[in-house]
file query-v9.cif (mmCIF, C-alpha atoms and all ligand atoms)
data_model
#
loop_
_atom_site.label_atom_id
_atom_site.label_comp_id
_atom_site.auth_asym_id
_atom_site.auth_seq_id
_atom_site.Cartn_x
_atom_site.Cartn_y
_atom_site.Cartn_z
CA MET C 129 -17.30 -26.02 -50.77
CA LYS C 130 -20.55 -25.18 -48.96
CA GLN C 131 -18.65 -24.38 -45.75
CA ALA C 132 -16.27 -22.06 -47.63
CA ALA C 133 -19.25 -20.23 -49.15
CA SER C 134 -20.81 -19.81 -45.67
CA VAL C 135 -17.53 -18.40 -44.20
CA ASP C 136 -17.24 -16.23 -47.25
CA SER C 137 -20.74 -14.84 -46.71
CA VAL C 138 -20.01 -14.01 -43.04
CA SER C 139 -16.89 -12.12 -44.03
CA ARG C 140 -18.81 -10.38 -46.83
CA LEU C 141 -21.53 -9.45 -44.32
CA ASP C 142 -18.92 -8.14 -41.89
CA ARG C 143 -17.30 -6.10 -44.63
CA ASP C 144 -20.58 -4.65 -45.87
CA MET C 145 -21.67 -3.83 -42.32
CA ALA C 146 -18.34 -2.17 -41.52
CA GLU C 147 -18.87 0.18 -44.47
CA LYS C 148 -22.14 1.24 -42.82
CA ASN C 149 -20.50 1.65 -39.36
CA LEU C 150 -22.10 -1.54 -38.06
CA SER C 151 -20.58 -4.53 -36.28
CA GLY C 152 -21.94 -8.03 -35.53
CA TYR C 153 -21.79 -9.38 -31.97
CA TRP C 154 -20.68 -12.74 -33.48
CA ARG C 155 -17.25 -11.18 -34.07
CA LEU C 156 -16.62 -11.57 -30.30
CA GLY C 157 -16.84 -15.37 -30.61
CA MET C 158 -18.28 -17.71 -27.97
CA GLU C 159 -15.97 -16.92 -25.05
CA GLY C 160 -18.21 -14.21 -23.59
CA LEU C 161 -17.11 -11.85 -20.83
CA PRO C 162 -14.20 -12.63 -18.48
CA PRO C 163 -15.01 -14.17 -15.08
CA HIS C 164 -13.24 -11.30 -13.25
CA PRO C 165 -12.19 -7.72 -14.08
CA MET C 166 -9.25 -7.52 -16.49
CA THR C 167 -6.74 -4.69 -16.85
CA ALA C 168 -3.79 -3.84 -19.07
CA VAL C 169 -2.20 -2.01 -16.12
CA GLU C 170 0.83 -3.97 -14.90
CA PRO C 171 2.33 -4.15 -11.41
CA CYS C 172 5.34 -1.86 -11.61
CA LEU C 173 7.87 -0.11 -9.37
CA TRP C 174 9.76 3.09 -10.17
CA LYS C 175 13.03 3.78 -8.32
CA TRP C 176 13.49 7.17 -6.70
CA THR C 177 17.02 7.54 -8.08
CA ASP C 178 15.66 7.35 -11.66
CA VAL C 179 12.89 9.87 -10.96
CA HIS C 180 15.17 12.23 -9.05
CA ASP C 181 17.95 12.13 -11.66
CA SER C 182 15.44 12.93 -14.40
CA LEU C 183 14.02 15.85 -12.41
CA VAL C 184 17.42 17.35 -11.68
CA ARG C 185 18.41 17.02 -15.35
CA ALA C 186 15.09 18.60 -16.36
CA GLY C 187 15.97 21.43 -13.95
CA GLU C 188 18.98 22.16 -16.17
CA VAL C 189 17.29 22.01 -19.57
CA ILE C 190 13.58 22.82 -19.02
CA SER C 191 12.55 26.34 -18.02
CA LEU C 192 9.10 27.35 -16.76
CA GLU C 193 9.01 29.84 -19.62
CA ASN C 194 8.79 27.07 -22.21
CA SER C 195 6.95 24.38 -20.22
CA GLU C 196 3.80 25.02 -18.15
CA ARG C 197 5.22 22.71 -15.45
CA ARG C 198 8.52 20.85 -14.87
CA VAL C 199 7.02 17.44 -14.27
CA VAL C 200 8.24 13.85 -14.71
CA ARG C 201 5.40 11.41 -15.19
CA LEU C 202 5.48 7.68 -14.32
CA VAL C 203 4.37 5.51 -17.22
CA ASN C 204 2.94 2.02 -16.85
CA PRO C 205 4.59 -0.46 -19.26
CA GLY C 206 1.20 -2.13 -19.83
CA LEU C 207 -0.36 1.04 -21.25
CA ASN C 208 0.55 2.40 -24.66
CA GLN C 209 2.31 5.70 -25.20
CA GLN C 210 -0.95 7.52 -25.99
CA GLN C 211 -2.07 6.59 -22.50
CA ALA C 212 1.29 7.41 -20.91
CA PHE C 213 0.02 7.22 -17.33
CA ALA C 214 0.77 5.03 -14.31
CA THR C 215 -2.74 3.54 -14.34
CA HIS C 216 -5.94 3.69 -16.39
CA THR C 217 -7.61 6.08 -13.89
CA LEU C 218 -4.93 7.97 -11.95
CA GLN C 219 -1.64 9.58 -12.86
CA ILE C 220 1.39 10.10 -10.63
CA SER C 221 4.12 12.60 -11.47
CA PHE C 222 6.87 14.47 -9.68
CA GLN C 223 7.39 18.20 -9.89
CA TYR C 224 10.53 20.27 -9.34
CA VAL C 225 10.47 24.02 -8.70
CA LYS C 226 13.79 25.80 -8.26
CA PRO C 227 14.37 28.81 -5.97
CA GLY C 228 12.86 31.98 -7.43
CA GLU C 229 10.61 30.12 -9.87
CA ASN C 230 6.85 30.36 -10.28
CA ALA C 231 4.65 27.82 -12.06
CA ARG C 232 1.90 30.00 -13.51
CA ALA C 233 -1.72 30.03 -12.33
CA HIS C 234 -4.21 27.87 -14.18
CA ARG C 235 -7.15 25.57 -13.55
CA HIS C 236 -8.39 22.38 -15.19
CA THR C 237 -11.02 19.69 -15.03
CA PRO C 238 -8.62 16.97 -13.82
CA ALA C 239 -8.43 17.09 -10.01
CA ALA C 240 -4.93 17.13 -8.56
CA LEU C 241 -3.14 16.69 -5.25
CA ARG C 242 0.39 17.42 -4.05
CA PHE C 243 2.24 15.36 -1.46
CA VAL C 244 5.35 17.32 -0.47
CA LEU C 245 8.67 15.45 -0.44
CA GLN C 246 11.54 17.92 -0.20
CA GLY C 247 12.08 21.60 0.57
CA ASN C 248 10.52 24.13 2.89
CA GLY C 249 8.84 27.47 2.47
CA ALA C 250 7.57 27.39 -1.10
CA TYR C 251 3.81 27.60 -1.46
CA THR C 252 0.90 26.60 -3.63
CA THR C 253 -2.00 29.05 -3.83
CA VAL C 254 -5.40 27.37 -4.30
CA ASN C 255 -8.38 29.67 -4.98
CA GLY C 256 -6.62 32.46 -3.08
CA GLN C 257 -5.52 30.24 -0.15
CA GLN C 258 -1.77 30.24 0.43
CA CYS C 259 -0.61 26.72 1.36
CA VAL C 260 3.00 26.85 2.58
CA MET C 261 4.54 23.49 1.72
CA GLU C 262 6.45 21.29 4.17
CA PRO C 263 7.45 17.63 3.72
CA GLY C 264 4.51 15.28 4.31
CA ASP C 265 1.86 17.97 3.66
CA LEU C 266 -1.01 17.03 1.37
CA ILE C 267 -2.48 19.88 -0.68
CA LEU C 268 -5.57 19.47 -2.85
CA THR C 269 -6.45 21.31 -6.02
CA PRO C 270 -9.93 19.90 -6.81
CA LYS C 271 -11.49 20.27 -10.27
CA LEU C 272 -11.43 23.82 -11.63
CA THR C 273 -9.70 25.40 -8.63
CA TRP C 274 -7.11 28.03 -9.58
CA HIS C 275 -3.61 27.04 -8.54
CA ASP C 276 -0.04 28.26 -8.94
CA HIS C 277 3.22 27.28 -7.27
CA SER C 278 5.88 29.76 -6.11
CA ASN C 279 9.27 29.04 -4.62
CA ASP C 280 10.53 32.15 -2.83
CA SER C 281 12.76 29.99 -0.58
CA SER C 282 16.46 29.31 -1.11
CA GLU C 283 16.12 25.55 -1.77
CA PRO C 284 14.50 23.50 -4.55
CA MET C 285 11.00 22.15 -3.89
CA LEU C 286 10.00 18.71 -4.94
CA TRP C 287 6.63 17.05 -4.60
CA LEU C 288 4.43 14.24 -5.86
CA ASP C 289 1.51 15.18 -8.10
CA GLY C 290 -1.51 12.88 -8.27
CA LEU C 291 -4.25 13.48 -10.82
CA ASP C 292 -7.38 11.79 -12.14
CA PHE C 293 -6.28 12.82 -15.63
CA PRO C 294 -6.72 9.40 -17.35
CA LEU C 295 -10.24 9.09 -15.96
CA VAL C 296 -11.22 12.61 -17.04
CA GLN C 297 -9.63 11.97 -20.43
CA ALA C 298 -11.60 8.73 -20.85
CA LEU C 299 -14.75 10.78 -20.24
CA HIS C 300 -13.59 13.36 -22.85
CA GLN C 301 -13.76 16.15 -20.28
CA VAL C 302 -10.19 17.52 -20.31
CA MET C 303 -9.91 21.31 -20.42
CA GLN C 304 -7.65 23.98 -18.94
CA GLU C 305 -7.79 27.76 -18.50
CA ARG C 306 -5.03 30.19 -17.68
CA TYR C 307 -5.46 32.83 -14.99
CA LEU C 308 -5.18 36.40 -16.22
CA ASP C 309 -1.96 37.00 -14.25
CA ARG C 310 0.96 34.70 -13.62
CA ARG C 311 0.15 34.54 -9.88
CA GLN C 312 -3.26 34.83 -8.28
CA PRO C 313 -3.70 37.21 -5.33
CA ILE C 314 -3.39 35.68 -1.84
CA GLU C 315 -6.53 36.22 0.25
CA LYS C 316 -5.95 33.92 3.23
CA SER C 317 -3.52 31.36 4.63
CA SER C 318 -4.04 27.69 5.44
CA GLU C 319 -3.48 28.56 9.12
CA GLU C 320 -6.47 30.95 9.07
CA VAL C 321 -8.66 28.29 7.44
CA MET C 322 -7.58 25.62 9.96
CA ASP C 323 -8.26 28.00 12.88
CA LYS C 324 -11.81 28.50 11.58
CA LEU C 325 -12.39 24.84 10.79
CA GLY C 326 -12.84 23.59 14.37
CA THR C 327 -15.35 26.35 15.14
CA SER C 328 -17.14 25.82 11.83
CA LEU C 329 -17.58 22.09 12.37
CA ARG C 330 -18.82 22.58 15.93
CA HIS C 331 -21.33 25.26 14.94
CA GLY C 332 -22.37 23.86 11.59
CA VAL C 333 -21.03 26.87 9.69
CA ARG C 334 -20.16 25.76 6.19
CA LEU C 335 -16.70 26.52 4.86
CA ALA C 336 -16.43 26.48 1.10
CA ASP C 337 -13.40 24.21 0.69
CA PHE C 338 -10.62 22.39 2.48
CA PHE C 339 -7.30 22.11 0.67
CA HIS C 340 -4.42 21.54 3.09
CA TYR C 341 -3.57 18.63 5.42
CA LYS C 342 -0.44 19.46 7.42
CA TRP C 343 2.00 16.61 8.11
CA ARG C 344 2.32 17.72 11.74
CA ASP C 345 -1.42 16.89 12.18
CA THR C 346 -1.24 13.67 10.13
CA LYS C 347 1.76 12.48 12.16
CA VAL C 348 -0.06 13.05 15.48
CA ALA C 349 -3.17 11.22 14.18
CA LEU C 350 -1.05 8.31 12.92
CA HIS C 351 0.69 7.91 16.28
CA GLU C 352 -2.62 8.11 18.14
CA LEU C 353 -3.92 5.37 15.85
CA ILE C 354 -0.99 3.08 16.72
CA LYS C 355 -1.90 3.37 20.38
CA SER C 356 -5.58 2.54 19.81
CA PRO C 357 -6.43 -1.09 20.63
CA GLY C 358 -7.63 -3.05 17.60
CA ALA C 359 -6.73 -0.29 15.14
CA ARG C 360 -4.38 -2.40 13.03
CA ASP C 361 -5.92 -3.45 9.74
CA ARG C 362 -4.87 -6.98 8.72
CA PHE C 363 -4.41 -5.93 5.08
CA ASP C 364 -2.97 -2.43 5.49
CA GLY C 365 -1.36 -2.08 8.92
CA TYR C 366 -2.23 1.24 10.57
CA LEU C 367 -4.17 3.02 7.84
CA LEU C 368 -5.29 6.63 8.04
CA GLU C 369 -7.50 7.95 5.27
CA TYR C 370 -7.58 11.63 4.40
CA ARG C 371 -11.25 12.49 4.71
CA ASN C 372 -12.89 15.72 3.60
CA PRO C 373 -13.59 17.31 7.01
CA LEU C 374 -16.55 19.25 5.62
CA SER C 375 -18.41 16.35 3.99
CA GLY C 376 -16.92 13.34 5.83
CA GLY C 377 -16.51 11.80 2.37
CA PRO C 378 -13.40 10.80 0.43
CA THR C 379 -10.42 13.10 -0.06
CA MET C 380 -11.82 14.20 -3.44
CA THR C 381 -14.72 12.96 -5.56
CA THR C 382 -12.48 10.67 -7.60
CA ILE C 383 -9.43 10.02 -5.40
CA GLN C 384 -9.00 8.55 -1.93
CA CYS C 385 -5.65 9.34 -0.30
CA ALA C 386 -4.22 7.55 2.72
CA VAL C 387 -1.08 7.07 4.76
CA GLN C 388 -0.35 3.72 6.32
CA LEU C 389 2.24 2.75 8.87
CA LEU C 390 3.77 -0.72 8.96
CA PRO C 391 5.65 -1.29 12.23
CA ALA C 392 9.08 -2.99 12.14
CA ASN C 393 8.85 -6.59 10.85
CA ASP C 394 5.10 -6.20 10.13
CA GLU C 395 3.57 -8.45 7.48
CA THR C 396 0.03 -7.91 6.24
CA GLU C 397 -2.35 -10.54 4.87
CA THR C 398 -3.24 -10.90 1.20
CA HIS C 399 -6.38 -9.50 -0.35
CA ARG C 400 -7.53 -7.98 -3.63
CA HIS C 401 -10.01 -5.33 -4.67
CA THR C 402 -11.41 -3.73 -7.78
CA SER C 403 -9.75 -0.38 -7.02
CA THR C 404 -6.25 0.36 -8.32
CA VAL C 405 -3.78 1.86 -5.85
CA ILE C 406 -0.63 3.92 -6.43
CA TYR C 407 1.83 3.90 -3.52
CA HIS C 408 4.71 6.21 -2.69
CA VAL C 409 7.22 5.23 -0.01
CA PHE C 410 7.47 8.16 2.37
CA ARG C 411 9.63 6.42 4.99
CA GLY C 412 11.29 3.03 5.42
CA THR C 413 12.07 -0.11 3.46
CA GLY C 414 9.91 -3.07 2.63
CA THR C 415 8.44 -5.42 0.07
CA THR C 416 5.06 -5.64 -1.58
CA GLU C 417 4.05 -8.94 -3.13
CA ILE C 418 1.70 -8.48 -6.08
CA GLY C 419 0.52 -11.77 -7.57
CA GLU C 420 3.65 -13.83 -8.22
CA ARG C 421 5.96 -10.82 -8.20
CA ARG C 422 7.92 -9.18 -5.35
CA PHE C 423 8.76 -5.49 -5.36
CA ASP C 424 11.40 -4.34 -2.86
CA TRP C 425 11.01 -0.67 -2.02
CA GLU C 426 12.77 2.08 -0.14
CA GLN C 427 12.14 5.75 0.55
CA GLY C 428 11.10 7.67 -2.56
CA ASP C 429 10.09 4.65 -4.66
CA SER C 430 6.59 4.39 -6.13
CA PHE C 431 4.61 1.35 -7.20
CA VAL C 432 1.24 0.34 -8.57
CA VAL C 433 -1.09 -2.41 -7.39
CA PRO C 434 -3.49 -2.97 -10.31
CA LEU C 435 -7.11 -3.93 -9.75
CA TRP C 436 -7.96 -7.47 -8.69
CA HIS C 437 -4.28 -8.39 -8.13
CA VAL C 438 -3.68 -10.23 -4.85
CA HIS C 439 -1.19 -8.28 -2.73
CA ARG C 440 0.36 -7.85 0.72
CA HIS C 441 2.99 -5.60 2.31
CA LEU C 442 6.04 -6.42 4.45
CA ASN C 443 8.25 -4.07 6.44
CA ARG C 444 11.76 -5.50 5.99
CA SER C 445 13.31 -3.46 8.78
CA SER C 446 13.57 -4.91 12.29
CA SER C 447 13.80 -1.47 13.89
CA GLU C 448 12.17 1.23 11.75
CA ASP C 449 8.54 1.93 10.89
CA ALA C 450 7.62 2.16 7.20
CA ILE C 451 5.13 4.79 6.02
CA LEU C 452 3.37 4.58 2.63
CA PHE C 453 1.36 7.37 1.05
CA SER C 454 -1.28 6.09 -1.36
CA MET C 455 -4.01 7.20 -3.67
CA SER C 456 -6.75 5.07 -5.15
CA ASP C 457 -9.73 5.33 -7.48
CA ALA C 458 -12.01 3.59 -4.92
CA PRO C 459 -14.46 6.55 -4.65
CA VAL C 460 -15.24 6.22 -8.38
CA LEU C 461 -15.82 2.48 -8.13
CA ARG C 462 -18.01 2.91 -5.05
CA ALA C 463 -20.06 5.62 -6.80
CA LEU C 464 -20.60 3.26 -9.75
CA ASP C 465 -21.34 0.30 -7.47
CA LEU C 466 -18.29 -1.55 -8.83
CA TYR C 467 -16.19 -1.76 -5.67
CA ARG C 468 -15.50 -5.31 -4.50
CA GLU C 469 -12.93 -6.82 -2.17
CA GLU C 470 -11.92 -10.44 -1.65
CA PHE C 471 -9.65 -12.16 0.86
FE FE C 501 -2.38 22.23 -12.74
FE FE C 502 -5.09 -3.45 -0.77
#
call {"tool": "encode", "arguments": {"input": "query-v9.cif", "output": "structure tokens", "more": "lines below"}}
Ligand SMILES: [Fe+2]
Ligand SMILES: [Fe+2]
result
Amino acid sequence: MKQAASVDSVSRLDRDMAEKNLSGYWRLGMEGLPPHPMTAVEPCLWKWTDVHDSLVRAGEVISLENSERRVVRLVNPGLNQQQAFATHTLQISFQYVKPGENARAHRHTPAALRFVLQGNGAYTTVNGQQCVMEPGDLILTPKLTWHDHSNDSSEPMLWLDGLDFPLVQALHQVMQERYLDRRQPIEKSSEEVMDKLGTSLRHGVRLADFFHYKWRDTKVALHELIKSPGARDRFDGYLLEYRNPLSGGPTMTTIQCAVQLLPANDETETHRHTSTVIYHVFRGTGTTEIGERRFDWEQGDSFVVPLWHVHRHLNRSSSEDAILFSMSDAPVLRALDLYREEF
């Protein structure tokens, strides 16, 4: 009877405290904090055929007059529908712009990037810089930069969108503004900016921003890396990070992008880290083992390696290289002194 009264008084205390917006630490029990970081984000792979079919169908029924963007978002099964993102920090989506269409100019606090997959000749304008899009190009639209997408070519354009939307949402900082006109005026081209960049870096002249990494440059750098002795990373193969050429820092404040090449038959070693990585298969076929699970991938597929999950990559082809594009939240974890790696 005494014990029942004691339990009863704890529950009465809890109830009374709840009415006053208070909560007792004893409600957490005696287990304490977990011995390693925990996440609801699940390892997951999305097939390109599913994404592509959805985009093409959306092209038939969704117009850019009634939707700001024609975008298909990847949703992690471990997160609930209110957090309908691929991970708890970063979002990956795919965007489809048909010939003659324009996705109107706006800007927002979430930072975004585009990795171009199909089409030629459409362009994204970022703060007045015209970035003509070709497959493999990476185009950045950092926080609060004006951006619009126009397809004046004769073929559909399709690209990957990466955003730090979930992170910015968790910080309650999401906002968006529309530009006065549908398209912003073009003031310069990416080619002009790249021409100036070499001179600027050599002479210490500061350029305001850098938005466009051309695939033709990335490809050359990747193939130079393969030839460099000792360049292969045991966990990632030949990994090339996209650095901000002006600061030397990560691609953007919150997102680190990279491409990595796995030669034919390559197998990397297992490791784990506190950053979460989203991969997109740009070329080739392979397998990524995440914990106990195996995910077979081919060109166009995307997959997530959640934080602190042991993983390694295998190129299943005996003749072709595999190339993965990736984005991770590592810069955020490093800034907060939470980045750790174990192997
Ligand atoms: Fe946007
Ligand atoms: Fe890794």
call {"tool": "closest_atom_pairs", "arguments": {"input": "query-v9.cif", "of": "chain C", "to": "ligand FE 502 (chain C)", "cutoff": "7 Å", "atoms": "all atoms listed in the file", "output": "Markdown table"}}
result
| residue | atom | partner | partner_atom | distance |
| --- | --- | --- | --- | --- |
| C:Phe363 | CA | C:FE502 | FE | 6.4 |
| C:Asp364 | CA | C:FE502 | FE | 6.7 |
| C:His399 | CA | C:FE502 | FE | 6.2 |
| C:Arg400 | CA | C:FE502 | FE | 5.9 |
| C:His401 | CA | C:FE502 | FE | 6.6 |
| C:His439 | CA | C:FE502 | FE | 6.5 |
call {"tool": "closest_residue", "arguments": {"input": "query-v9.cif", "among": "C:Pro263, C:Gly414, C:Gly377, C:Pro238", "to": "ligand FE 501 (chain C)", "atoms": "all atoms listed in the file"}}
result
C:Pro238
call {"tool": "atom_distance", "arguments": {"input": "query-v9.cif", "atom1": "atom CA of Gly228 of chain C", "atom2": "atom CA of Asp280 of chain C"}}
result
5.2 Å
call {"tool": "axis_aligned_box", "arguments": {"input": "query-v9.cif", "around": "segment 243-253 of chain C", "padding_each_side": "8 Å", "output": "lines of an AutoDock Vina configuration file"}}
result
center_x = 5.0
center_y = 22.2
center_z = -0.5
size_x = 30.1
size_y = 29.7
size_z = 22.7
call {"tool": "residues_around", "arguments": {"input": "query-v9.cif", "residues": "Ser182 of chain C", "least_positions_apart": "6", "cutoff": "12 Å", "atoms": "only C-alpha atoms", "output": "list in words"}}
result
Lys175, Trp176, Glu188, Val189, Ile190, Arg198, Val199, Val200, Arg201, Leu202, Ser221, Phe222, Gln223 and Tyr224 of chain C
call {"tool": "closest_atom_pairs", "arguments": {"input": "query-v9.cif", "of": "chain C", "to": "ligand FE 501 (chain C)", "cutoff": "7 Å", "atoms": "all atoms listed in the file", "output": "tab-separated table"}}
result
residue	atom	partner	partner_atom	distance
C:His234	CA	C:FE501	FE	6.1
C:Arg235	CA	C:FE501	FE	5.9
C:His236	CA	C:FE501	FE	6.5
C:His275	CA	C:FE501	FE	6.5
call {"tool": "atom_distance", "arguments": {"input": "query-v9.cif", "atom1": "atom CA of Thr167 of chain C", "atom2": "atom CA of Thr402 of chain C"}}
result
10.2 Å
call {"tool": "residues_near_point", "arguments": {"input": "query-v9.cif", "point": "(-8.6, 15.0, 3.8)", "cutoff": "10 Å", "atoms": "only C-alpha atoms", "output": "list in words"}}
result
Leu266, Ile267, Leu268, Phe338, Phe339, His340, Tyr341, Lys342, Thr346, Leu368, Glu369, Tyr370, Arg371, Asn372, Pro373, Leu374, Ser375, Gly376, Gly377, Pro378, Thr379, Met380, Gln384, Cys385 and Ala386 of chain C
call {"tool": "closest_residue", "arguments": {"input": "query-v9.cif", "among": "C:Val432, C:Ile220, C:Ala239, C:Ile383", "to": "Leu461 of chain C", "atoms": "only C-alpha atoms"}}
result
C:Ile383
call {"tool": "residues_around", "arguments": {"input": "query-v9.cif", "residues": "segment 442-449 of chain C", "least_positions_apart": "2", "cutoff": "8 Å", "atoms": "all atoms listed in the file", "output": "list in words"}}
result
Leu389, Leu390, Pro391, Ala392, Asn393, Asp394, Glu395, Thr396, Arg411, Gly412, Thr413, Gly414, Thr415, Thr416, Arg440 and Ile451 of chain C
call {"tool": "build_atoms", "arguments": {"input": "query-v9.cif", "residues": "segment 408-425 of chain C", "atoms": "N, CA, C and O atoms", "output": "compact mmCIF listing (two decimals), keeping the file's coordinate frame"}}
result
# COMPACT_ATOMS: atom_id res chain seq x y z
N HIS C 408 3.41 5.54 -2.72
CA HIS C 408 4.71 6.21 -2.69
C HIS C 408 5.31 5.97 -1.31
O HIS C 408 4.64 6.16 -0.29
N VAL C 409 6.59 5.55 -1.29
CA VAL C 409 7.22 5.23 -0.01
C VAL C 409 7.73 6.52 0.62
O VAL C 409 8.68 7.13 0.14
N PHE C 410 7.07 6.92 1.70
CA PHE C 410 7.47 8.16 2.37
C PHE C 410 8.62 7.90 3.34
O PHE C 410 9.53 8.70 3.45
N ARG C 411 8.56 6.77 4.06
CA ARG C 411 9.63 6.42 4.99
C ARG C 411 9.80 4.89 4.99
O ARG C 411 8.81 4.16 4.90
N GLY C 412 11.04 4.43 5.14
CA GLY C 412 11.29 3.03 5.42
C GLY C 412 11.61 2.16 4.21
O GLY C 412 11.76 2.66 3.08
N THR C 413 11.75 0.87 4.50
CA THR C 413 12.07 -0.11 3.46
C THR C 413 11.16 -1.32 3.63
O THR C 413 10.81 -1.69 4.75
N GLY C 414 10.78 -1.92 2.53
CA GLY C 414 9.91 -3.07 2.63
C GLY C 414 9.72 -3.76 1.30
O GLY C 414 10.43 -3.49 0.32
N THR C 415 8.75 -4.64 1.28
CA THR C 415 8.44 -5.42 0.07
C THR C 415 6.93 -5.49 -0.08
O THR C 415 6.21 -5.62 0.92
N THR C 416 6.47 -5.37 -1.30
CA THR C 416 5.06 -5.64 -1.58
C THR C 416 4.99 -6.77 -2.59
O THR C 416 5.66 -6.73 -3.63
N GLU C 417 4.25 -7.81 -2.22
CA GLU C 417 4.05 -8.94 -3.13
C GLU C 417 2.76 -8.68 -3.90
O GLU C 417 1.71 -8.45 -3.30
N ILE C 418 2.87 -8.70 -5.23
CA ILE C 418 1.70 -8.48 -6.08
C ILE C 418 1.61 -9.67 -7.02
O ILE C 418 2.46 -9.84 -7.90
N GLY C 419 0.58 -10.52 -6.81
CA GLY C 419 0.52 -11.77 -7.57
C GLY C 419 1.78 -12.58 -7.28
O GLY C 419 2.17 -12.78 -6.13
N GLU C 420 2.44 -13.02 -8.35
CA GLU C 420 3.65 -13.83 -8.22
C GLU C 420 4.91 -12.99 -8.06
O GLU C 420 6.00 -13.52 -7.86
N ARG C 421 4.76 -11.67 -8.17
CA ARG C 421 5.96 -10.82 -8.20
C ARG C 421 6.21 -10.14 -6.86
O ARG C 421 5.28 -9.85 -6.11
N ARG C 422 7.50 -9.88 -6.58
CA ARG C 422 7.92 -9.18 -5.35
C ARG C 422 8.56 -7.86 -5.73
O ARG C 422 9.43 -7.83 -6.61
N PHE C 423 8.16 -6.80 -5.09
CA PHE C 423 8.76 -5.49 -5.36
C PHE C 423 9.37 -4.97 -4.06
O PHE C 423 8.65 -4.69 -3.10
N ASP C 424 10.71 -4.88 -4.03
CA ASP C 424 11.40 -4.34 -2.86
C ASP C 424 11.44 -2.82 -2.99
O ASP C 424 11.80 -2.30 -4.05
N TRP C 425 11.07 -2.13 -1.93
CA TRP C 425 11.01 -0.67 -2.02
C TRP C 425 11.76 0.00 -0.88
O TRP C 425 12.00 -0.58 0.18
